[in-house]
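The structure appears below as structure tokens.
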Amino acid sequence: MRYSKFLAPTLRDDPADAEVISHKLLLRAGFIRRVTSGVYDYLPMGLRVLRKIENIIREEMNRTGAQELLLPMVQPAELWQQSGRWDKYGSELLRFKDRHAHESCLGPTHEEVICDLVKRELRSYKQLPMNLYQIQSKFRDEVRPRFGLMRGREFVMKDAYSFHADEDSLQEEYQTMFKTYQRIFTRLGLKFRPVEADTGSIGGSQSHEFHVLAESGEDLIAYCTHCDYAANVEKAVAKRNITAFVDAPLQHIDTPNVTAVEDVAKFLGVAKEQLMKTLVYQVVGGQYDGQVVAACLRGDDELQAIKLVRALGADEVMLAADTDLEAVGAIKGFVGPQNLGCKILLDESLDDAMGMVVGSNMLNQHDTGFSVLRDLPEAVFVDLRAVRLNDGCKHCDDGHIEHARGIEVGQVFALGQQYTKPLDVLFQDANGKRAIATMGCYGIGVSRLIAAVIEQCNDELGIIWPLALAPFQVSIITMGKSETSLKASETIYQGLLDAGVEVLWDERKERPGVKFKDAELMGIPYHIVVGDRGLDADAIEIRQRAGNKQEVPMADVVKSMLAILSQAN
RNA sequence: CGGGGCGUAGCGCAGCCUGGUAGCGCAUCUGGUUUGGGACCAGAGGGUCAGGUGUUCGAAUCACCUCGCCCCGACCA
């Protein structure tokens, strides 16, 4: 490609509305342009990178035997009603009516559509297992799109769906996909980490997310310093160090206007962990919809709200209003687990707690000497607490918990029969009986990967593409405008093109500095500098974007470049 | 959804407080000089000042409304 005709409009200044480095560089280097909130044009440069990523994913998916297909973006409401997600998915699902007033939506994901297809074509267990995937645009009407390609509303995703005759087969494919994802992200040159994940609105029984480690990541990951354990904080578990408290008789204590955990601890002269705080929530969705529930934690722990939501099978929980508190016999600031007129869940760390301080549900009073086993025999224990830095690892004895920021670029789910059941994906098993298929799904955020790679691969000059992803492998920078250097450049350009190299020839009538800056900004891995000076000395310079340079005779440029490229691959 | 900020040429910004015919840098076009790290000189093109309503002799500027964009938060008695 000759640069003078190529649509790659670079910007000298950072656009004012870009915050993270990948967003700034994608705009400045002329890879993308914003059309509207969370929606972007991919310019030729951006598309080239997108295609490279797609192809790596495609190669790795194909080698596992998965089959590529393409599903529609416009989907009928009926399918979503059948799975129950028409109501559940909320406003991220962009809904509209066609000219016949038929309700439709833009696909944010494709479980419904793929199940609809498979149920019509699947007859026998002999067809299973089967893994179908596509690489396609999705639309999710995000509350807050941000950071360019990192969280867009329209984005490119690889989504795969596997169907199985039984759970064992699903587990096998889950493992295959897990390993395939590791291969893909490794090939993309990323520092990443697979982590245990919440199954979220997709549902299912088991899930891992793949995170690219980066400061700008929107997710927080907890990981063990010693073993392989890593999990999204939404799901992470850990051992907490608990001082054993001495049992004591239950006793009312006046605590006038002392409400906050910190203040109560200080007032009574005890550690915060000796307090048991009771948080009251209003439940939305699920079997406790509209009810009030209480969650108890140690005073120094924080609730991980997602865990409470999962424990209740709810859609979300909201802090209860004062009137809700009164309705269950609680008083703001003095809430405790005793005589509460609602369901109570206790964090696991409280399973044998004694000698605790709790609210008494009476104004200006707390109780000391509370024993969970003695005073709350009906207690139900679940994991509710957010893990903290330096908590002990639950999976090994030597490690402790650290935090890292991550960009979620992939997720694998063992869905089970969550969708196949309501959508009637049936087949005839080996015994001739009708059975419900078991399902897994596996996503990769293809366009988000562009941003994730840049977050990890950049310097003060711009992007540094790994060779496998670069929009062009080589940029020929022609200095000056003498006939000799133009001719020499063209010879090299043709030579490389003939050898199948992706090469951008910067033959613009610009000064050298401009060309260097642009090539560096765009992150092209190798630059061949052709100028009169080098030609006179018969020493053409080959530079690496973020590395060494060498000089080779004009006659050897193409040969040397090819050697460098094949060695780098 | 709540809070904060911002909409003036393709990009980055000034002008607004104190109303009086819209400016700077970069980019673009023409001519010339220059050519191994974002050149220089001369000239030119490009704006319903986000949109609407109002106040006023007169509005980018003041008031109200709408739209768009960015950031932060959406949970701890």
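Chain labels A, B, ... are given in the sequence in which chains occur in the structure tokens; within each chain residues are numbered consecutively from 1, and ligands are likewise numbered from 1 in the order shown.
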Open item on the list: Quick check for you: according to DSSP on this backbone, which residues of region 461-553 of chain A are classed as strand (DSSP E)? Reply as a ChimeraX atom specification.
Closed with: /A:462-463,474-478,503-506,526-530,540-544,549-552
Kindly provide the residues of chain B that approach chain A to within 10 Å, each paired with its closest atom pair and their distance in Å to one decimal, based on only C-alpha atoms (C1' of nucleotides), listed by chain and increasing number, as a tab-separated table.
```
residue	atom	partner	partner_atom	distance
B:C1	C1'	A:Val143	CA	9.3
B:C6	C1'	A:Asp17	CA	9.6
B:G10	C1'	A:Pro9	CA	9.7
B:C11	C1'	A:Leu11	CA	6.5
B:G12	C1'	A:Asp13	CA	6.2
B:C26	C1'	A:Arg12	CA	7.5
B:A27	C1'	A:Leu11	CA	8.6
B:U34	C1'	A:Arg511	CA	9.3
B:U35	C1'	A:Gly480	CA	5.4
B:G36	C1'	A:Pro512	CA	6.5
B:G37	C1'	A:Gly513	CA	3.9
B:G38	C1'	A:Val514	CA	5.0
B:A39	C1'	A:Arg511	CA	7.9
B:G68	C1'	A:Thr36	CA	9.1
B:C69	C1'	A:Asp17	CA	7.9
B:C70	C1'	A:Asp17	CA	5.5
B:C71	C1'	A:Glu19	CA	9.0
B:C75	C1'	A:Ala305	CA	7.1
B:C76	C1'	A:Glu302	CA	6.4
B:A77	C1'	A:Gly333	CA	4.4
```
Selection from above, C-alpha atoms (C1' of nucleotides), as an mmCIF file, in the first residue's frame, can you write it?
```
data_model
loop_
_atom_site.group_PDB
_atom_site.id
_atom_site.type_symbol
_atom_site.label_atom_id
_atom_site.label_comp_id
_atom_site.auth_asym_id
_atom_site.auth_seq_id
_atom_site.Cartn_x
_atom_site.Cartn_y
_atom_site.Cartn_z
ATOM 1 C "C1'" C B 1 -30.120 6.419 37.184
ATOM 2 C "C1'" C B 6 -17.811 20.171 28.293
ATOM 3 C "C1'" G B 10 -10.823 18.025 10.504
ATOM 4 C "C1'" C B 11 -7.771 17.981 15.617
ATOM 5 C "C1'" G B 12 -6.255 20.929 20.050
ATOM 6 C "C1'" C B 26 -1.802 22.146 13.907
ATOM 7 C "C1'" A B 27 -4.029 20.011 9.516
ATOM 8 C "C1'" U B 34 13.967 23.307 2.687
ATOM 9 C "C1'" U B 35 14.760 17.675 3.160
ATOM 10 C "C1'" G B 36 18.061 11.659 8.144
ATOM 11 C "C1'" G B 37 13.488 13.107 13.533
ATOM 12 C "C1'" G B 38 6.660 16.536 13.783
ATOM 13 C "C1'" A B 39 10.532 22.918 8.606
ATOM 14 C "C1'" G B 68 -24.965 15.273 22.284
ATOM 15 C "C1'" C B 69 -20.208 14.058 24.521
ATOM 16 C "C1'" C B 70 -16.665 13.055 28.681
ATOM 17 C "C1'" C B 71 -15.554 11.825 33.837
ATOM 18 C "C1'" C B 75 -23.112 -0.995 48.332
ATOM 19 C "C1'" C B 76 -21.925 -1.438 53.503
ATOM 20 C "C1'" A B 77 -26.147 1.079 59.373
#
```
TODO: as a PyMOL selection string, list the residues of region 12-196 of chain A assigned to helix (DSSP H, G or I) by DSSP on the backbone atoms of this structure.
DONE: chain A and resi 21-28+44-63+77-83+85-88+90-92+111-121+125-127+148-150+167-187
Task: Separation of CA of Tyr42 (chain A) from CA of Gln544 (chain A), in Å and rounded to one decimal - done: 26.1 Å
Task: Residues near Leu25 (chain A), cut-off 7 Å, only C-alpha atoms (C1' of nucleotides), skip fewer than 4 positions along chain, as a PyMOL selection string - done: chain A and resi 21+29+462-463
Open item on the list: Which residues are near Tyr442 (chain A)? Cut-off 6 Å, only C-alpha atoms (C1' of nucleotides), ignore same chain within fewer than 4 positions. Put them as a list in words.
Closed with: Asp159, Ala160, Gln411 and Val412 of chain A
- [ ] Quick one: pull the distance between CA of Val270 (chain A) and CA of Val357 (chain A), Å, one decimal.
- [x]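 Distance reported for this atom pair: 8.8 Å.
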Task: Among the residues B:G4, B:G15, B:G32, B:G20, the one that comes closest to U56 (chain B) [using only C-alpha atoms (C1' of nucleotides)] - done: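 Ranked by minimum distance to U56 (chain B), first place goes to B:G20.
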Task: Shell around Arg63 (chain A) at 12 Å using only C-alpha atoms (C1' of nucleotides), local window under 4 positions removed, as an MDAnalysis selection string - done: chainID A and resid 56:59 67:68 131 176:177 180 183:184
Residues from last step as file, N, CA, C and O atoms, as a CSV table (one decimal), in the first residue's frame:
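That gives us part_35.csv:
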```
chain,number,residue,atom,x,y,z
A,56,ILE,N,-6.5,-15.5,13.8
A,56,ILE,CA,-5.8,-16.4,14.8
A,56,ILE,C,-6.9,-17.2,15.6
A,56,ILE,O,-6.7,-18.4,15.8
A,57,ILE,N,-7.9,-16.5,16.0
A,57,ILE,CA,-9.0,-17.2,16.7
A,57,ILE,C,-9.6,-18.3,15.8
A,57,ILE,O,-9.8,-19.4,16.3
A,58,ARG,N,-9.9,-17.9,14.6
A,58,ARG,CA,-10.5,-18.9,13.7
A,58,ARG,C,-9.6,-20.1,13.5
A,58,ARG,O,-10.1,-21.2,13.6
A,59,GLU,N,-8.3,-19.9,13.3
A,59,GLU,CA,-7.4,-21.1,13.2
A,59,GLU,C,-7.5,-22.0,14.4
A,59,GLU,O,-7.5,-23.2,14.3
A,67,GLN,N,-17.1,-25.6,14.2
A,67,GLN,CA,-17.5,-25.2,12.9
A,67,GLN,C,-17.9,-23.7,12.9
A,67,GLN,O,-18.8,-23.3,13.7
A,68,GLU,N,-17.5,-22.9,11.9
A,68,GLU,CA,-17.9,-21.5,11.8
A,68,GLU,C,-19.2,-21.4,11.1
A,68,GLU,O,-19.4,-22.0,10.0
A,131,ASN,N,-19.7,-28.3,18.2
A,131,ASN,CA,-19.4,-26.9,18.6
A,131,ASN,C,-19.5,-26.0,17.4
A,131,ASN,O,-18.8,-26.2,16.4
A,176,THR,N,-11.2,-28.3,26.6
A,176,THR,CA,-10.6,-28.1,25.3
A,176,THR,C,-10.7,-26.6,25.0
A,176,THR,O,-9.7,-26.0,24.5
A,177,MET,N,-11.8,-26.0,25.2
A,177,MET,CA,-11.9,-24.5,25.0
A,177,MET,C,-11.0,-23.7,25.9
A,177,MET,O,-10.4,-22.8,25.5
A,180,THR,N,-7.7,-23.9,24.5
A,180,THR,CA,-7.7,-23.2,23.2
A,180,THR,C,-7.5,-21.7,23.4
A,180,THR,O,-6.8,-21.0,22.8
A,183,ARG,N,-4.1,-20.9,24.3
A,183,ARG,CA,-3.3,-20.8,23.1
A,183,ARG,C,-3.5,-19.5,22.3
A,183,ARG,O,-2.6,-18.9,21.8
A,184,ILE,N,-4.8,-19.1,22.2
A,184,ILE,CA,-5.1,-17.9,21.4
A,184,ILE,C,-4.4,-16.7,22.1
A,184,ILE,O,-3.7,-15.9,21.4
```
TODO: Mind giving me the straight-line distance from CA of Leu122 (chain A) to CA of Gly416 (chain A) in Å, one decimal?
DONE: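 Those two atoms sit 16.8 Å apart.
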